[in-house]
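J.: Got a structure for you, questions after.
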Amino acid sequence: MRSLFDRLGGTRAITAVVDDFYQRLASDPRVLHHFADDRLPSLRAAQVRWMTAAFGGSSGQPLPDLAEAHRGLEITDEQVAVVLGHLDASLGAAGVDPDTHRQAMAVVSRLWFARVF
């Protein structure tokens, strides 16, 4: 069975989704304070690495440490909902098929809300 990473389209597709995702985040006043312009390149790169691992494309590499990446940030459930909404929109804009789209959102949501970092 093909991994979710492969069904999403691999690195090129994940990178395109992340680029769109971060444009949305950096434009949204509800969350943009977490996404300073000078940090966007490193945040985008880290997000591509994380999604690659979370979606099964890293050849067994462990997920990057999200607890460390978010240490010291106060993130509300409302902000999480905003971020997930933007990811959902970015996957939709990329034309991800509905089943794969739903599975990708389930993985990200489950990992965040279960605090499985």
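So you can find residues: chains in the structure tokens are A, B, ... in the order shown, residues in each start at 1, and ligands are numbered from 1 in order.
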Got a sec to tell me which of chain A DSSP assigns to helix (DSSP H, G or I), as number ranges by chain?
T.: A: 4-8, 10-25, 32-34, 37-54, 66-69, 77-93, 98-113
J.: Excluding Leu73 of chain A and residues on its chain fewer than 5 positions from it, collect all residues at most 12 Å away from it, counting only C-alpha atoms, and give them as number ranges by chain.
T.: A: 31, 33-35, 66-68, 79
J.: Could you pull the residues within 10 Å of segment 49-60 of chain A, counting only C-alpha atoms, minus those fewer than 6 positions along the same chain, as a list in words?
T.: Arg2, Ser3, Leu4, Phe5, Asp6, Arg7, Leu8, Gly10, Thr11, Ile14, Thr15, Val18, Leu43, Leu66, Gln103, Ala104, Val107, Val108 and Leu111 of chain A
J.: For the residues selected in the previous step, produce a file with all heavy atoms as a CSV table (one decimal), in the first residue's frame.
T.:
```csv
chain,number,residue,atom,x,y,z
A,2,ARG,N,0.5,2.2,-0.8
A,2,ARG,CA,1.3,3.5,-0.9
A,2,ARG,C,1.1,4.3,0.4
A,2,ARG,O,0.0,4.3,0.9
A,2,ARG,CB,0.8,4.3,-2.1
A,2,ARG,CG,1.2,3.6,-3.4
A,2,ARG,CD,0.7,4.4,-4.6
A,2,ARG,NE,1.1,5.7,-4.6
A,2,ARG,CZ,0.4,6.7,-5.1
A,2,ARG,NH1,-0.8,6.5,-5.7
A,2,ARG,NH2,0.9,8.0,-5.1
A,3,SER,N,2.1,5.0,0.8
A,3,SER,CA,2.0,5.8,2.0
A,3,SER,C,1.2,7.0,1.7
A,3,SER,O,1.0,7.4,0.6
A,3,SER,CB,3.4,6.3,2.5
A,3,SER,OG,4.0,7.2,1.5
A,4,LEU,N,0.7,7.6,2.8
A,4,LEU,CA,-0.1,8.9,2.7
A,4,LEU,C,0.8,9.9,2.0
A,4,LEU,O,0.4,10.7,1.1
A,4,LEU,CB,-0.5,9.3,4.0
A,4,LEU,CG,-1.4,10.6,4.1
A,4,LEU,CD1,-2.6,10.5,3.2
A,4,LEU,CD2,-1.8,10.8,5.6
A,5,PHE,N,2.1,10.0,2.3
A,5,PHE,CA,3.1,10.9,1.7
A,5,PHE,C,3.1,10.7,0.2
A,5,PHE,O,3.0,11.7,-0.6
A,5,PHE,CB,4.5,10.6,2.3
A,5,PHE,CG,5.6,11.4,1.6
A,5,PHE,CD1,5.8,12.7,1.9
A,5,PHE,CD2,6.4,10.8,0.7
A,5,PHE,CE1,6.8,13.4,1.3
A,5,PHE,CE2,7.4,11.5,0.1
A,5,PHE,CZ,7.6,12.8,0.4
A,6,ASP,N,3.1,9.5,-0.3
A,6,ASP,CA,3.1,9.2,-1.7
A,6,ASP,C,1.8,9.6,-2.4
A,6,ASP,O,1.7,10.2,-3.4
A,6,ASP,CB,3.4,7.8,-2.0
A,6,ASP,CG,4.9,7.4,-1.7
A,6,ASP,OD1,5.7,8.3,-1.8
A,6,ASP,OD2,5.1,6.2,-1.4
A,7,ARG,N,0.7,9.3,-1.7
A,7,ARG,CA,-0.6,9.6,-2.2
A,7,ARG,C,-0.9,11.1,-2.3
A,7,ARG,O,-1.6,11.6,-3.1
A,7,ARG,CB,-1.7,8.9,-1.4
A,7,ARG,CG,-1.8,7.4,-1.7
A,7,ARG,CD,-2.9,6.7,-0.9
A,7,ARG,NE,-2.4,6.6,0.4
A,7,ARG,CZ,-3.2,6.8,1.5
A,7,ARG,NH1,-4.4,7.2,1.4
A,7,ARG,NH2,-2.7,6.6,2.7
A,8,LEU,N,-0.2,11.9,-1.4
A,8,LEU,CA,-0.3,13.3,-1.4
A,8,LEU,C,0.5,13.9,-2.6
A,8,LEU,O,0.3,15.1,-3.0
A,8,LEU,CB,0.2,13.9,-0.1
A,8,LEU,CG,-0.8,13.8,1.0
A,8,LEU,CD1,-0.1,14.0,2.4
A,8,LEU,CD2,-2.0,14.8,0.9
A,10,GLY,N,4.2,13.3,-2.7
A,10,GLY,CA,5.6,13.4,-2.4
A,10,GLY,C,6.1,14.8,-2.0
A,10,GLY,O,5.3,15.7,-1.7
A,11,THR,N,7.4,14.9,-2.0
A,11,THR,CA,8.0,16.2,-1.5
A,11,THR,C,7.6,17.4,-2.3
A,11,THR,O,7.3,18.4,-1.6
A,11,THR,CB,9.6,16.0,-1.6
A,11,THR,OG1,10.0,14.9,-0.9
A,11,THR,CG2,10.3,17.3,-1.1
A,14,ILE,N,4.0,18.2,-1.1
A,14,ILE,CA,4.0,18.7,0.3
A,14,ILE,C,4.6,20.1,0.4
A,14,ILE,O,4.1,20.9,1.2
A,14,ILE,CB,4.9,17.7,1.2
A,14,ILE,CG1,4.2,16.3,1.3
A,14,ILE,CG2,5.1,18.3,2.6
A,14,ILE,CD1,2.9,16.3,2.0
A,15,THR,N,5.7,20.4,-0.3
A,15,THR,CA,6.3,21.7,-0.3
A,15,THR,C,5.3,22.7,-0.8
A,15,THR,O,5.2,23.8,-0.2
A,15,THR,CB,7.6,21.7,-1.1
A,15,THR,OG1,8.5,20.7,-0.5
A,15,THR,CG2,8.2,23.1,-1.1
A,18,VAL,N,2.7,23.3,1.9
A,18,VAL,CA,3.3,24.1,3.0
A,18,VAL,C,3.5,25.6,2.6
A,18,VAL,O,3.2,26.5,3.4
A,18,VAL,CB,4.6,23.5,3.5
A,18,VAL,CG1,5.4,24.4,4.4
A,18,VAL,CG2,4.3,22.1,4.2
A,43,LEU,N,10.6,27.9,9.4
A,43,LEU,CA,9.4,27.3,9.8
A,43,LEU,C,8.8,26.4,8.6
A,43,LEU,O,8.4,25.3,8.9
A,43,LEU,CB,8.3,28.3,10.2
A,43,LEU,CG,8.6,29.1,11.5
A,43,LEU,CD1,7.6,30.2,11.7
A,43,LEU,CD2,8.6,28.1,12.7
A,66,LEU,N,8.0,18.1,18.2
A,66,LEU,CA,7.0,19.3,18.2
A,66,LEU,C,7.0,19.9,19.6
A,66,LEU,O,6.7,21.1,19.7
A,66,LEU,CB,5.7,18.9,17.7
A,66,LEU,CG,5.5,18.5,16.3
A,66,LEU,CD1,4.0,18.2,16.0
A,66,LEU,CD2,6.0,19.7,15.4
A,103,GLN,N,-7.7,11.9,5.3
A,103,GLN,CA,-6.7,11.2,6.1
A,103,GLN,C,-5.5,12.1,6.6
A,103,GLN,O,-5.1,11.9,7.7
A,103,GLN,CB,-6.1,10.0,5.2
A,103,GLN,CG,-7.2,8.9,5.0
A,103,GLN,CD,-6.7,7.9,4.1
A,103,GLN,OE1,-5.5,7.7,3.8
A,103,GLN,NE2,-7.6,7.1,3.5
A,104,ALA,N,-5.1,13.0,5.7
A,104,ALA,CA,-4.0,13.9,6.1
A,104,ALA,C,-4.5,14.8,7.3
A,104,ALA,O,-3.7,15.0,8.3
A,104,ALA,CB,-3.6,14.8,4.9
A,107,VAL,N,-4.6,12.8,10.5
A,107,VAL,CA,-3.2,12.5,11.1
A,107,VAL,C,-2.8,13.8,11.9
A,107,VAL,O,-2.4,13.7,13.0
A,107,VAL,CB,-2.2,12.2,10.0
A,107,VAL,CG1,-0.8,12.3,10.5
A,107,VAL,CG2,-2.5,10.8,9.5
A,108,VAL,N,-2.8,14.9,11.2
A,108,VAL,CA,-2.4,16.2,11.9
A,108,VAL,C,-3.2,16.5,13.1
A,108,VAL,O,-2.7,16.8,14.2
A,108,VAL,CB,-2.4,17.3,10.9
A,108,VAL,CG1,-2.1,18.7,11.6
A,108,VAL,CG2,-1.4,17.1,9.7
A,111,LEU,N,-2.4,14.0,16.0
A,111,LEU,CA,-1.1,14.2,16.6
A,111,LEU,C,-1.2,15.5,17.5
A,111,LEU,O,-0.6,15.5,18.6
A,111,LEU,CB,0.0,14.3,15.6
A,111,LEU,CG,0.3,13.0,14.9
A,111,LEU,CD1,1.3,13.2,13.7
A,111,LEU,CD2,0.8,12.0,15.9
```
J.: Please, what distance in Å, to one decimal, runs between atom CA of Ser109 of chain A and atom CA of Asp37 of chain A?
T.: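 Atom CA of Ser109 of chain A sits 25.3 Å away from atom CA of Asp37 of chain A.
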J.: Would you give me, as CSV, each residue of segment 9-45 of chain A having an atom within 10 Å of an atom of segment 90-99 of chain A, along with its shortest atom pair and that distance in Å to one decimal, using only C-alpha atoms and sorting by chain and residue number?
T.:
```
residue,atom,partner,partner_atom,distance
A:Gly9,CA,A:Val96,CA,8.7
A:Ala13,CA,A:Ala94,CA,7.9
A:Ile14,CA,A:Leu91,CA,9.2
A:Ala16,CA,A:Ala94,CA,7.7
A:Val17,CA,A:Ser90,CA,5.6
A:Val18,CA,A:Ser90,CA,7.7
A:Asp19,CA,A:Ser90,CA,8.8
A:Asp20,CA,A:Ser90,CA,5.9
A:Phe21,CA,A:Ser90,CA,5.4
A:Tyr22,CA,A:Ser90,CA,9.2
A:Gln23,CA,A:Ser90,CA,9.6
A:Arg24,CA,A:Ser90,CA,8.3
```
J.: Write the residues you've just listed into a file as a PDB file, in the first residue's frame, and include N, CA and C atoms for each of them.
T.:
```pdb
ATOM      1  N   GLY A   9       1.479  13.148  -3.087  1.00  0.00           N
ATOM      2  CA  GLY A   9       2.287  13.615  -4.209  1.00  0.00           C
ATOM      3  C   GLY A   9       3.754  13.787  -3.905  1.00  0.00           C
ATOM      4  N   ALA A  13       4.744  18.056  -3.778  1.00  0.00           N
ATOM      5  CA  ALA A  13       3.380  18.411  -3.395  1.00  0.00           C
ATOM      6  C   ALA A  13       3.315  18.910  -1.950  1.00  0.00           C
ATOM      7  N   ILE A  14       4.019  18.233  -1.053  1.00  0.00           N
ATOM      8  CA  ILE A  14       4.039  18.668   0.349  1.00  0.00           C
ATOM      9  C   ILE A  14       4.608  20.081   0.444  1.00  0.00           C
ATOM     10  N   ALA A  16       4.561  22.436  -1.834  1.00  0.00           N
ATOM     11  CA  ALA A  16       3.574  23.382  -2.370  1.00  0.00           C
ATOM     12  C   ALA A  16       2.454  23.636  -1.364  1.00  0.00           C
ATOM     13  N   VAL A  17       1.985  22.580  -0.702  1.00  0.00           N
ATOM     14  CA  VAL A  17       0.948  22.737   0.320  1.00  0.00           C
ATOM     15  C   VAL A  17       1.472  23.606   1.462  1.00  0.00           C
ATOM     16  N   VAL A  18       2.695  23.336   1.913  1.00  0.00           N
ATOM     17  CA  VAL A  18       3.273  24.103   3.019  1.00  0.00           C
ATOM     18  C   VAL A  18       3.461  25.570   2.628  1.00  0.00           C
ATOM     19  N   ASP A  19       3.894  25.829   1.409  1.00  0.00           N
ATOM     20  CA  ASP A  19       4.057  27.221   0.966  1.00  0.00           C
ATOM     21  C   ASP A  19       2.721  27.965   1.011  1.00  0.00           C
ATOM     22  N   ASP A  20       1.670  27.339   0.494  1.00  0.00           N
ATOM     23  CA  ASP A  20       0.339  27.956   0.533  1.00  0.00           C
ATOM     24  C   ASP A  20      -0.136  28.122   1.977  1.00  0.00           C
ATOM     25  N   PHE A  21       0.072  27.097   2.768  1.00  0.00           N
ATOM     26  CA  PHE A  21      -0.318  27.085   4.178  1.00  0.00           C
ATOM     27  C   PHE A  21       0.316  28.261   4.930  1.00  0.00           C
ATOM     28  N   TYR A  22       1.613  28.462   4.737  1.00  0.00           N
ATOM     29  CA  TYR A  22       2.293  29.531   5.464  1.00  0.00           C
ATOM     30  C   TYR A  22       1.933  30.916   4.939  1.00  0.00           C
ATOM     31  N   GLN A  23       1.565  31.030   3.677  1.00  0.00           N
ATOM     32  CA  GLN A  23       1.045  32.314   3.183  1.00  0.00           C
ATOM     33  C   GLN A  23      -0.247  32.648   3.903  1.00  0.00           C
ATOM     34  N   ARG A  24      -1.082  31.655   4.079  1.00  0.00           N
ATOM     35  CA  ARG A  24      -2.345  31.855   4.792  1.00  0.00           C
ATOM     36  C   ARG A  24      -2.107  32.216   6.263  1.00  0.00           C
TER      37      ARG A  24
END
```
J.: Quick one: pull the distance between atom CA of Thr100 of chain A and atom CA of Val83 of chain A, Å, one decimal.
T.: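 Between these atoms lies a distance of 18.7 Å.
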